[in-house]
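Student: If it helps, the file is called upload_27.txt and holds compact mmCIF, C-alpha atoms:
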```txt
# COMPACT_ATOMS: atom_id res chain seq x y z
CA MET N 1 12.96 1.16 18.23
CA LYS N 2 15.19 1.23 15.16
CA LEU N 3 14.25 2.79 11.84
CA ARG N 4 15.95 2.03 8.52
CA TYR N 5 15.74 5.28 6.59
CA SER N 6 17.07 7.41 3.76
CA PRO N 7 17.10 11.21 3.97
CA THR N 8 14.80 11.98 1.04
CA SER N 9 12.27 9.11 1.10
CA PRO N 10 8.70 10.47 1.28
CA TYR N 11 7.59 7.30 3.07
CA VAL N 12 10.30 7.68 5.71
CA ARG N 13 9.27 11.30 6.14
CA LYS N 14 5.71 10.16 6.95
CA VAL N 15 7.15 8.13 9.82
CA SER N 16 9.38 11.02 10.93
CA VAL N 17 6.48 13.50 10.94
CA THR N 18 4.28 10.99 12.77
CA ALA N 19 6.97 10.39 15.41
CA ILE N 20 7.42 14.14 15.97
CA GLU N 21 3.67 14.71 16.19
CA LEU N 22 3.40 11.97 18.81
CA GLY N 23 6.47 12.98 20.82
CA LEU N 24 8.19 9.68 20.00
CA ALA N 25 11.11 10.90 17.86
CA ASP N 26 13.69 10.41 20.62
CA LYS N 27 12.63 6.77 21.08
CA ILE N 28 13.76 5.92 17.55
CA GLU N 29 17.34 5.12 16.56
CA ARG N 30 17.84 5.92 12.88
CA ILE N 31 19.95 3.71 10.60
CA ALA N 32 20.84 5.14 7.18
CA THR N 33 20.04 2.67 4.39
CA ASP N 34 20.20 2.87 0.61
CA PRO N 35 17.44 0.55 -0.69
CA TRP N 36 18.90 0.69 -4.23
CA SER N 37 22.40 -0.44 -3.22
CA ALA N 38 23.40 -3.84 -4.59
CA ASP N 39 24.87 -4.95 -1.26
CA THR N 40 22.23 -3.70 1.17
CA ASP N 41 20.95 -6.24 3.71
CA LEU N 42 17.58 -4.47 3.87
CA ARG N 43 15.71 -7.50 2.54
CA LYS N 44 16.55 -9.34 5.77
CA SER N 45 14.37 -6.83 7.63
CA ASN N 46 11.83 -5.98 4.92
CA PRO N 47 11.29 -8.53 2.13
CA MET N 48 10.29 -5.73 -0.26
CA SER N 49 13.73 -4.16 0.32
CA LYS N 50 12.01 -0.84 0.93
CA ILE N 51 12.38 1.86 3.49
CA PRO N 52 11.10 2.74 6.01
CA CYS N 53 11.39 -0.43 8.07
CA LEU N 54 10.92 -0.26 11.83
CA THR N 55 12.19 -2.81 14.32
CA THR N 56 10.35 -2.74 17.62
CA ASP N 57 12.07 -2.90 21.01
CA ALA N 58 11.00 -6.58 21.07
CA GLY N 59 12.91 -7.11 17.80
CA ASP N 60 9.91 -7.50 15.49
CA PRO N 61 10.02 -5.88 12.03
CA ILE N 62 7.12 -3.60 11.08
CA TYR N 63 6.41 -2.38 7.52
CA ASP N 64 5.27 -0.71 5.30
CA SER N 65 4.87 2.99 6.09
CA PRO N 66 1.10 2.99 6.82
CA VAL N 67 1.59 0.12 9.27
CA ILE N 68 4.60 1.79 10.94
CA CYS N 69 2.69 5.05 11.36
CA GLU N 70 -0.33 3.25 12.84
CA TYR N 71 1.98 1.31 15.17
CA LEU N 72 3.51 4.54 16.47
CA ASP N 73 -0.02 5.94 16.88
CA SER N 74 -0.86 2.91 19.07
CA LEU N 75 1.95 3.76 21.50
CA HIS N 76 0.32 6.85 22.96
CA THR N 77 -3.02 7.67 24.53
CA GLY N 78 -3.51 11.18 23.15
CA LYS N 79 -5.49 12.29 20.11
CA LYS N 80 -5.04 9.75 17.34
CA LEU N 81 -3.60 10.43 13.87
CA PHE N 82 -5.62 7.38 12.76
CA PRO N 83 -9.13 8.45 13.81
CA VAL N 84 -11.08 5.94 15.87
CA GLU N 85 -14.63 6.94 14.84
CA ARG N 86 -15.62 4.97 11.73
CA ASP N 87 -16.58 7.73 9.27
CA ALA N 88 -13.58 9.89 10.16
CA ARG N 89 -11.25 6.88 10.10
CA PHE N 90 -12.13 5.63 6.63
CA LYS N 91 -12.28 9.13 5.18
CA ALA N 92 -8.74 9.68 6.51
CA LEU N 93 -7.43 6.27 5.42
CA THR N 94 -8.85 6.70 1.90
CA LEU N 95 -7.37 10.19 1.55
CA ALA N 96 -4.06 8.85 2.88
CA ALA N 97 -4.23 6.10 0.21
CA ALA N 98 -4.67 8.80 -2.45
CA GLY N 99 -1.61 10.59 -1.04
CA ASP N 100 0.44 7.39 -1.04
CA GLY N 101 -0.93 6.54 -4.49
CA MET N 102 0.37 9.87 -5.78
CA THR N 103 3.79 9.11 -4.33
CA ASP N 104 3.82 5.50 -5.56
CA ALA N 105 3.08 6.73 -9.09
CA GLY N 106 5.77 9.37 -8.72
CA ILE N 107 8.35 6.73 -7.77
CA LEU N 108 7.37 4.62 -10.79
CA LEU N 109 7.61 7.71 -12.99
CA LEU N 110 11.08 8.47 -11.63
CA VAL N 111 12.22 4.89 -12.19
CA GLU N 112 10.88 5.08 -15.76
CA THR N 113 12.40 8.44 -16.64
CA VAL N 114 15.61 8.57 -14.59
CA ARG N 115 16.77 5.10 -13.50
CA ARG N 116 15.71 3.01 -16.50
CA PRO N 117 18.11 3.09 -19.47
CA LYS N 118 16.94 5.76 -21.93
CA GLU N 119 16.43 3.36 -24.81
CA LEU N 120 13.99 1.27 -22.74
CA LYS N 121 11.52 4.02 -21.87
CA TRP N 122 7.82 3.42 -22.45
CA ASP N 123 5.86 6.61 -22.86
CA TRP N 124 2.50 4.95 -22.21
CA TRP N 125 3.63 3.86 -18.74
CA ALA N 126 5.17 7.22 -17.89
CA ASP N 127 2.00 8.99 -19.02
CA ARG N 128 -0.15 6.65 -16.92
CA GLN N 129 1.87 7.43 -13.78
CA THR N 130 1.73 11.16 -14.50
CA GLU N 131 -2.04 10.92 -14.91
CA THR N 132 -2.34 9.08 -11.60
CA MET N 133 -0.30 11.74 -9.83
CA LYS N 134 -2.56 14.45 -11.26
CA THR N 135 -5.83 12.74 -10.35
CA CYS N 136 -4.58 12.01 -6.83
CA MET N 137 -3.62 15.68 -6.52
CA ALA N 138 -7.11 16.66 -7.77
CA VAL N 139 -8.69 14.51 -5.06
CA ALA N 140 -6.50 16.19 -2.45
CA ASP N 141 -7.30 19.62 -3.91
CA ALA N 142 -11.04 18.90 -3.62
CA ALA N 143 -10.50 17.88 0.02
CA ALA N 144 -8.08 20.68 0.89
CA ASP N 145 -10.63 22.96 2.55
CA SER N 146 -11.41 20.23 5.06
CA MET N 147 -7.79 19.24 5.64
CA GLY N 148 -6.07 20.21 8.87
CA THR N 149 -2.97 22.36 9.27
CA ASP N 150 -2.71 22.28 13.03
CA GLY N 151 -3.49 19.89 15.89
CA ASP N 152 -6.35 18.50 13.80
CA ILE N 153 -4.20 16.68 11.24
CA THR N 154 -4.49 12.96 10.54
CA ILE N 155 -2.45 10.40 8.61
CA ALA N 156 -4.12 11.77 5.45
CA GLU N 157 -2.50 15.20 5.81
CA ILE N 158 0.83 13.53 6.58
CA ALA N 159 0.69 11.28 3.48
CA ILE N 160 -0.34 14.12 1.17
CA GLY N 161 2.08 16.68 2.61
CA CYS N 162 5.06 14.32 2.47
CA GLY N 163 4.14 13.22 -1.06
CA LEU N 164 3.90 16.79 -2.34
CA GLY N 165 7.18 17.72 -0.65
CA TRP N 166 8.86 14.86 -2.48
CA VAL N 167 7.33 15.88 -5.83
CA ASP N 168 8.72 19.39 -5.30
CA LEU N 169 12.14 17.88 -4.54
CA ARG N 170 12.36 15.39 -7.40
CA MET N 171 10.11 16.97 -10.05
CA PRO N 172 10.30 20.72 -9.40
CA ASP N 173 8.75 21.43 -12.82
CA PHE N 174 5.70 19.21 -12.30
CA GLY N 175 3.63 22.41 -11.96
CA TRP N 176 0.84 21.04 -9.78
CA ARG N 177 0.06 24.33 -8.01
CA LYS N 178 -1.74 26.00 -10.90
CA ASP N 179 -4.23 23.10 -11.23
CA CYS N 180 -4.64 22.70 -7.46
CA PRO N 181 -4.80 26.17 -5.89
CA ALA N 182 -6.58 25.09 -2.68
CA LEU N 183 -4.06 22.29 -2.19
CA ALA N 184 -1.19 24.74 -2.81
CA ASP N 185 -2.55 27.08 -0.10
CA TRP N 186 -2.92 24.18 2.32
CA PHE N 187 0.57 22.89 1.52
CA GLU N 188 2.11 26.28 2.26
CA LYS N 189 0.45 26.30 5.69
CA ILE N 190 1.26 22.69 6.62
CA SER N 191 4.88 23.20 5.56
CA ASP N 192 5.27 25.71 8.40
CA ARG N 193 4.18 23.19 11.01
CA PRO N 194 7.31 22.16 13.00
CA SER N 195 6.97 18.42 12.21
CA PHE N 196 6.95 19.27 8.50
CA ALA N 197 9.38 22.21 8.55
CA THR N 198 12.08 20.23 10.35
CA THR N 199 11.78 17.23 8.02
CA MET N 200 11.62 19.07 4.67
CA PRO N 201 13.76 17.06 2.22
CA LYS N 202 16.72 18.78 0.59
CA ALA N 203 18.55 17.83 -2.57
CA ALA N 204 21.85 16.10 -1.81
CA MET F 205 -22.34 -0.87 -1.12
CA LYS F 206 -20.97 -1.05 -4.64
CA LEU F 207 -17.67 -2.67 -5.60
CA ARG F 208 -15.78 -2.03 -8.83
CA TYR F 209 -14.08 -5.33 -9.61
CA SER F 210 -12.44 -7.56 -12.20
CA PRO F 211 -12.70 -11.36 -12.00
CA THR F 212 -8.99 -12.15 -11.63
CA SER F 213 -7.63 -9.26 -9.53
CA PRO F 214 -5.90 -10.55 -6.38
CA TYR F 215 -6.77 -7.33 -4.56
CA VAL F 216 -10.46 -7.68 -5.43
CA ARG F 217 -10.33 -11.27 -4.23
CA LYS F 218 -9.07 -10.07 -0.84
CA VAL F 219 -12.24 -7.98 -0.56
CA SER F 220 -14.43 -10.87 -1.77
CA VAL F 221 -12.90 -13.31 0.74
CA THR F 222 -13.23 -10.72 3.51
CA ALA F 223 -16.89 -10.09 2.65
CA ILE F 224 -17.66 -13.82 2.66
CA GLU F 225 -15.83 -14.35 5.97
CA LEU F 226 -17.86 -11.53 7.53
CA GLY F 227 -21.21 -12.54 6.03
CA LEU F 228 -21.41 -9.28 4.06
CA ALA F 229 -21.18 -10.58 0.49
CA ASP F 230 -24.88 -10.06 -0.21
CA LYS F 231 -24.65 -6.40 0.82
CA ILE F 232 -22.27 -5.66 -2.04
CA GLU F 233 -23.36 -4.93 -5.61
CA ARG F 234 -20.51 -5.84 -7.98
CA ILE F 235 -19.72 -3.71 -11.05
CA ALA F 236 -17.33 -5.25 -13.60
CA THR F 237 -14.51 -2.84 -14.48
CA ASP F 238 -11.40 -3.11 -16.65
CA PRO F 239 -8.80 -0.81 -15.08
CA TRP F 240 -6.59 -1.05 -18.20
CA SER F 241 -9.31 0.05 -20.63
CA ALA F 242 -8.64 3.39 -22.30
CA ASP F 243 -12.21 4.58 -21.77
CA THR F 244 -12.87 3.42 -18.21
CA ASP F 245 -14.30 6.05 -15.83
CA LEU F 246 -12.65 4.31 -12.86
CA ARG F 247 -10.48 7.34 -12.08
CA LYS F 248 -13.63 9.25 -11.09
CA SER F 249 -14.05 6.81 -8.18
CA ASN F 250 -10.41 5.94 -7.47
CA PRO F 251 -7.74 8.42 -8.59
CA MET F 252 -5.21 5.58 -8.97
CA SER F 253 -7.60 3.96 -11.52
CA LYS F 254 -7.23 0.70 -9.66
CA ILE F 255 -9.63 -1.95 -8.51
CA PRO F 256 -11.07 -2.75 -6.05
CA CYS F 257 -12.90 0.47 -5.27
CA LEU F 258 -15.84 0.41 -2.87
CA THR F 259 -18.59 3.00 -2.68
CA THR F 260 -20.38 3.04 0.66
CA ASP F 261 -24.16 3.26 1.01
CA ALA F 262 -23.59 6.95 1.86
CA GLY F 263 -21.86 7.38 -1.51
CA ASP F 264 -18.29 7.75 -0.22
CA PRO F 265 -15.45 6.04 -2.13
CA ILE F 266 -13.11 3.78 -0.14
CA TYR F 267 -9.77 2.47 -1.44
CA ASP F 268 -7.28 0.77 -1.61
CA SER F 269 -7.79 -2.92 -0.76
CA PRO F 270 -6.38 -2.84 2.81
CA VAL F 271 -8.68 0.08 3.63
CA ILE F 272 -11.73 -1.58 2.04
CA CYS F 273 -11.09 -4.81 3.96
CA GLU F 274 -10.70 -2.92 7.25
CA TYR F 275 -13.88 -0.97 6.50
CA LEU F 276 -15.85 -4.19 6.00
CA ASP F 277 -14.31 -5.51 9.23
CA SER F 278 -15.67 -2.43 11.03
CA LEU F 279 -19.24 -3.24 9.99
CA HIS F 280 -19.63 -6.27 12.23
CA THR F 281 -19.18 -7.00 15.91
CA GLY F 282 -17.79 -10.54 15.68
CA LYS F 283 -14.17 -11.69 15.74
CA LYS F 284 -12.06 -9.23 13.80
CA LEU F 285 -9.91 -10.03 10.75
CA PHE F 286 -7.85 -6.97 11.77
CA PRO F 287 -6.87 -7.97 15.32
CA VAL F 288 -7.52 -5.39 18.02
CA GLU F 289 -4.77 -6.36 20.48
CA ARG F 290 -1.58 -4.47 19.57
CA ASP F 291 0.97 -7.27 19.14
CA ALA F 292 -1.41 -9.44 17.15
CA ARG F 293 -2.57 -6.46 15.08
CA PHE F 294 0.85 -5.30 13.92
CA LYS F 295 2.10 -8.82 13.36
CA ALA F 296 -0.93 -9.40 11.10
CA LEU F 297 -0.66 -6.04 9.33
CA THR F 298 3.06 -6.52 8.65
CA LEU F 299 2.52 -10.04 7.30
CA ALA F 300 -0.37 -8.72 5.19
CA ALA F 301 2.00 -6.04 3.85
CA ALA F 302 4.45 -8.80 2.85
CA GLY F 303 1.60 -10.59 1.07
CA ASP F 304 0.54 -7.41 -0.74
CA GLY F 305 4.20 -6.64 -1.46
CA MET F 306 4.55 -10.01 -3.18
CA THR F 307 1.49 -9.27 -5.30
CA ASP F 308 2.57 -5.70 -6.07
CA ALA F 309 5.93 -6.99 -7.30
CA GLY F 310 4.13 -9.66 -9.31
CA ILE F 311 1.98 -7.04 -11.04
CA LEU F 312 5.08 -4.98 -11.89
CA LEU F 313 6.77 -8.14 -13.20
CA LEU F 314 3.74 -8.92 -15.37
CA VAL F 315 3.66 -5.35 -16.72
CA GLU F 316 7.37 -5.63 -17.50
CA THR F 317 7.26 -9.03 -19.16
CA VAL F 318 3.81 -9.15 -20.78
CA ARG F 319 2.32 -5.66 -21.24
CA ARG F 320 5.45 -3.65 -22.03
CA PRO F 321 6.64 -3.82 -25.66
CA LYS F 322 9.30 -6.54 -25.94
CA GLU F 323 12.05 -4.22 -27.11
CA LEU F 324 11.64 -2.03 -23.98
CA LYS F 325 12.20 -4.74 -21.35
CA TRP F 326 14.68 -4.08 -18.57
CA ASP F 327 16.04 -7.28 -17.05
CA TRP F 328 17.31 -5.54 -13.90
CA TRP F 329 13.81 -4.38 -13.03
CA ALA F 330 12.20 -7.76 -13.77
CA ASP F 331 14.84 -9.50 -11.66
CA ARG F 332 14.27 -7.08 -8.79
CA GLN F 333 10.52 -7.79 -8.79
CA THR F 334 11.14 -11.56 -8.96
CA GLU F 335 13.53 -11.27 -6.01
CA THR F 336 10.92 -9.33 -4.01
CA MET F 337 8.29 -11.98 -4.72
CA LYS F 338 10.68 -14.70 -3.53
CA THR F 339 11.70 -12.91 -0.31
CA CYS F 340 8.06 -12.13 0.50
CA MET F 341 7.23 -15.81 -0.05
CA ALA F 342 10.14 -16.76 2.24
CA VAL F 343 8.74 -14.52 4.98
CA ALA F 344 5.34 -16.16 4.58
CA ASP F 345 6.95 -19.61 4.55
CA ALA F 346 8.72 -18.84 7.84
CA ALA F 347 5.38 -17.73 9.32
CA ALA F 348 3.30 -20.53 7.81
CA ASP F 349 3.23 -22.75 10.90
CA SER F 350 1.58 -19.93 12.85
CA MET F 351 -0.84 -18.98 10.09
CA GLY F 352 -4.50 -19.89 10.39
CA THR F 353 -6.53 -22.07 8.06
CA ASP F 354 -9.85 -21.90 9.84
CA GLY F 355 -11.80 -19.43 11.99
CA ASP F 356 -8.48 -18.05 13.24
CA ILE F 357 -7.46 -16.32 9.99
CA THR F 358 -6.65 -12.62 9.76
CA ILE F 359 -6.10 -10.16 6.94
CA ALA F 360 -2.54 -11.58 6.70
CA GLU F 361 -3.76 -15.01 5.61
CA ILE F 362 -6.18 -13.37 3.17
CA ALA F 363 -3.47 -11.20 1.58
CA ILE F 364 -1.00 -14.07 1.27
CA GLY F 365 -3.56 -16.64 0.06
CA CYS F 366 -5.00 -14.32 -2.59
CA GLY F 367 -1.52 -13.29 -3.72
CA LEU F 368 -0.36 -16.90 -4.11
CA GLY F 369 -3.55 -17.83 -5.96
CA TRP F 370 -2.87 -15.03 -8.41
CA VAL F 371 0.76 -16.12 -8.90
CA ASP F 372 -0.48 -19.63 -9.71
CA LEU F 373 -2.94 -18.16 -12.22
CA ARG F 374 -0.60 -15.74 -13.99
CA MET F 375 2.81 -17.37 -13.49
CA PRO F 376 2.11 -21.09 -13.20
CA ASP F 377 5.80 -21.87 -13.72
CA PHE F 378 7.03 -19.60 -10.91
CA GLY F 379 7.81 -22.75 -8.92
CA TRP F 380 7.49 -21.28 -5.42
CA ARG F 381 6.38 -24.51 -3.73
CA LYS F 382 9.77 -26.25 -3.72
CA ASP F 383 11.41 -23.32 -1.88
CA CYS F 384 8.46 -22.83 0.49
CA PRO F 385 7.17 -26.26 1.56
CA ALA F 386 5.44 -25.07 4.74
CA LEU F 387 3.73 -22.28 2.81
CA ALA F 388 2.67 -24.78 0.14
CA ASP F 389 1.08 -27.02 2.79
CA TRP F 390 -0.73 -24.07 4.33
CA PHE F 391 -1.91 -22.85 0.91
CA GLU F 392 -3.41 -26.23 0.11
CA LYS F 393 -5.40 -26.15 3.34
CA ILE F 394 -6.58 -22.52 3.07
CA SER F 395 -7.63 -23.12 -0.54
CA ASP F 396 -10.27 -25.56 0.72
CA ARG F 397 -11.84 -22.96 2.98
CA PRO F 398 -15.17 -21.93 1.38
CA SER F 399 -14.28 -18.21 1.15
CA PHE F 400 -11.16 -19.15 -0.83
CA ALA F 401 -12.54 -22.11 -2.76
CA THR F 402 -15.51 -20.13 -4.12
CA THR F 403 -13.33 -17.18 -5.20
CA MET F 404 -10.45 -19.10 -6.81
CA PRO F 405 -9.52 -17.17 -9.99
CA LYS F 406 -9.75 -18.95 -13.33
CA ALA F 407 -8.05 -18.10 -16.59
CA ALA F 408 -10.43 -16.40 -19.01
```
How would this structure read if it were set down as structure tokens?
Tutor:
Amino acid sequence: MKLRYSPTSPYVRKVSVTAIELGLADKIERIATDPWSADTDLRKSNPMSKIPCLTTDAGDPIYDSPVICEYLDSLHTGKKLFPVERDARFKALTLAAAGDGMTDAGILLLVETVRRPKELKWDWWADRQTETMKTCMAVADAAADSMGTDGDITIAEIAIGCGLGWVDLRMPDFGWRKDCPALADWFEKISDRPSFATTMPKAA
Amino acid sequence: MKLRYSPTSPYVRKVSVTAIELGLADKIERIATDPWSADTDLRKSNPMSKIPCLTTDAGDPIYDSPVICEYLDSLHTGKKLFPVERDARFKALTLAAAGDGMTDAGILLLVETVRRPKELKWDWWADRQTETMKTCMAVADAAADSMGTDGDITIAEIAIGCGLGWVDLRMPDFGWRKDCPALADWFEKISDRPSFATTMPKAA
């Protein structure tokens, strides 16, 4: 399999953590890709021109990150990161959507405040994304006591942990820990797990 | 089950089409919700403040639209809209992601060109979203000959059909049909299917 990636993408990190958890990391060839570059050919693989994008051994593209992670989870017969039992599955998928929703809002906030020309900023939009990040974090904080830090993790923990790691990287002053103490405790523990510790993003 | 909805949301329509296809529409109580309203309490159910948001009979929230559709698909024992066999499943989920990606870009384009104050528009961003819509449509056009129009549809056809219906509603001059003739033929056929025909969005 081939994976188009960038070193700091939180969505790529979800795939990397998933692959490590499942023992599949050495089956994946990684191809560095800048999705913002004017001359990238990424759209030929993923029409959204987003990373991650996986190409299977049969040559088929798979995107976006939730689909790639579930695909990797289908390649092994051990304990699933996407739970099979209905209640557990949809609890995990909904919490994962909150984690991805936090990250999606964070990306839009970064585009608004860093990439967009200063004179074109719209405070209402930036505030809306900030609010979404905070409410997603509050949902994760409320769930933190039931979230795994060990062999019991699911795609939800991976989405939330990778999202928070990216917030710490790109918005170190966001200050989420004081409003979300249970989530902060959980994040400290999950960050020690090898799949997370070895994929922690670093500023370039 | 209760569903927070708005009449023209393409993501809500995915859930509505799914529910009709599965014979579950009469199990769902619909609650009209404006996600853009300043005083909506939608964030209490969905931290992204987005529709659709489903609440199960047990009182648990489920979001976002791919998760809600898969949840509904888990409630019946007939032919699945989310295929079970691996190759078919990830082909369908990836094509559904392209359909949702088209719609996501369309929403961002609409925010940029209609909701954002005129003096704050950024052409680069609008062009990028337009390009994403076009490449997602091209992917769907290339797949159109293998896409279902009858009892063989999957979540991919639902995502693409609802996305295109929304583009026609909100951007009637987008002009996608001339570049995507196979997709246009398929869309005409799927639009006659009762689940699509009875949920076609209309301008207010």
Student: Skip segment 286-302 of chain F itself and residues of its chain fewer than 6 positions away, then list as a ChimeraX atom specification all residues within 9 Å of it, counting only C-alpha atoms.
Tutor: /N:46-48,60-64,67-68,70-71,74 /F:270,273-274,277,339-341,343-344,347,358-364
Student: Grab the residues selected above and save them as a short mmCIF file (atom, residue, chain, number, x, y, z; two decimals), in the coordinates of the input with C-alpha atoms.
Tutor:
```
data_model
loop_
_atom_site.label_atom_id
_atom_site.label_comp_id
_atom_site.auth_asym_id
_atom_site.auth_seq_id
_atom_site.Cartn_x
_atom_site.Cartn_y
_atom_site.Cartn_z
CA ASN N 46 11.83 -5.98 4.92
CA PRO N 47 11.29 -8.53 2.13
CA MET N 48 10.29 -5.73 -0.26
CA ASP N 60 9.91 -7.50 15.49
CA PRO N 61 10.02 -5.88 12.03
CA ILE N 62 7.12 -3.60 11.08
CA TYR N 63 6.41 -2.38 7.52
CA ASP N 64 5.27 -0.71 5.30
CA VAL N 67 1.59 0.12 9.27
CA ILE N 68 4.60 1.79 10.94
CA GLU N 70 -0.33 3.25 12.84
CA TYR N 71 1.98 1.31 15.17
CA SER N 74 -0.86 2.91 19.07
CA PRO F 270 -6.38 -2.84 2.81
CA CYS F 273 -11.09 -4.81 3.96
CA GLU F 274 -10.70 -2.92 7.25
CA ASP F 277 -14.31 -5.51 9.23
CA THR F 339 11.70 -12.91 -0.31
CA CYS F 340 8.06 -12.13 0.50
CA MET F 341 7.23 -15.81 -0.05
CA VAL F 343 8.74 -14.52 4.98
CA ALA F 344 5.34 -16.16 4.58
CA ALA F 347 5.38 -17.73 9.32
CA THR F 358 -6.65 -12.62 9.76
CA ILE F 359 -6.10 -10.16 6.94
CA ALA F 360 -2.54 -11.58 6.70
CA GLU F 361 -3.76 -15.01 5.61
CA ILE F 362 -6.18 -13.37 3.17
CA ALA F 363 -3.47 -11.20 1.58
CA ILE F 364 -1.00 -14.07 1.27
#
```
Student: What lies within 7 Å of segment 381-389 of chain F using only C-alpha atoms, ignoring chain neighbours under 6 positions off, as a PDB file with C-alpha atoms, in the coordinates of the input?
Tutor:
```pdb
ATOM      1  CA  ALA F 342      10.140 -16.760   2.240  1.00  0.00           C
ATOM      2  CA  ALA F 344       5.340 -16.160   4.580  1.00  0.00           C
ATOM      3  CA  ASP F 345       6.950 -19.610   4.550  1.00  0.00           C
ATOM      4  CA  ALA F 348       3.300 -20.530   7.810  1.00  0.00           C
ATOM      5  CA  ASP F 349       3.230 -22.750  10.900  1.00  0.00           C
TER       6      ASP F 349
END
```
Student: Could you state the separation of atom CA of Arg208 of chain F and atom CA of Trp240 of chain F in Å, given to one decimal place?
Tutor: 13.2 Å
Student: What's the separation between atom CA of Met404 of chain F and atom CA of Pro256 of chain F, in Å to one decimal place?
Tutor: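 So the answer is 16.4 Å.
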Student: I need the residue nearest chain F from this list: N:Lys202, N:Arg193, N:His76, N:Lys14. Use all atoms listed in the file for the distance.
Tutor: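 Of the candidates, the smallest distance to chain F is held by N:His76.
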Student: What is the distance, in Å and to one decimal place, between atom CA of Arg30 of chain N and atom CA of Ile107 of chain N?
Tutor: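 Atom CA of Ile107 of chain N lies at a distance of 22.7 Å from atom CA of Arg30 of chain N.
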Student: Between F:Pro398, F:Pro239, F:Gly282, F:Gly369, single out the one closest to chain N, counting all atoms listed in the file.
Tutor: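 Counting all atoms listed in the file, the residue closest to chain N is F:Pro239.
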Student: So which residues touch segment 305-309 of chain F within 8 Å, counting only C-alpha atoms, skipping near sequence neighbours fewer than 3 positions away, as number ranges by chain?
Tutor: N: 48; F: 214, 301-302, 312-313, 333-334, 336-338, 340-341, 367-368, 370-371
Student: The residues within 12 Å of (14.3, 10.4, 16.1), using all atoms listed in the file and the coordinates of the file, should be reported as JSON, numbers by chain; which are they?
Tutor: {"N": [1, 2, 3, 4, 5, 12, 13, 15, 16, 17, 18, 19, 20, 21, 22, 23, 24, 25, 26, 27, 28, 29, 30, 31, 54, 195, 198, 199]}
Student: Calculated over only C-alpha atoms, which of the candidates F:Val318, F:Tyr215, F:Ala242, F:Leu324 has the smallest distance to chain N?
Tutor: F:Leu324
Student: Dump as a VMD selection string all residues having an atom at most 9 Å from (11.3, 7.2, -17.3), computed in the file's coordinates with all atoms listed in the file.
Tutor: chain N and resid 108 to 118 120 to 123 125 to 126
Student: With distances taken over all atoms listed in the file, which residue among N:Ile190, N:Met171, N:Ile153, N:Ala142 lies nearest Lys80 of chain N?
Tutor: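 With all atoms listed in the file as the atom set, the closest residue is N:Ile153.
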Student: Which residue out of N:Cys162, N:Asp150, N:Asp100, N:Arg170 has the minimum interatomic distance to Asp192 of chain N when all atoms listed in the file are used?
Tutor: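 Among the listed residues, N:Asp150 lies closest to Asp192 of chain N.
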Student: Nearest to chain N among F:Thr353, F:Thr281, F:Ser269, F:Ser395, with distances taken over only C-alpha atoms: which residue is it?
Tutor: F:Ser269
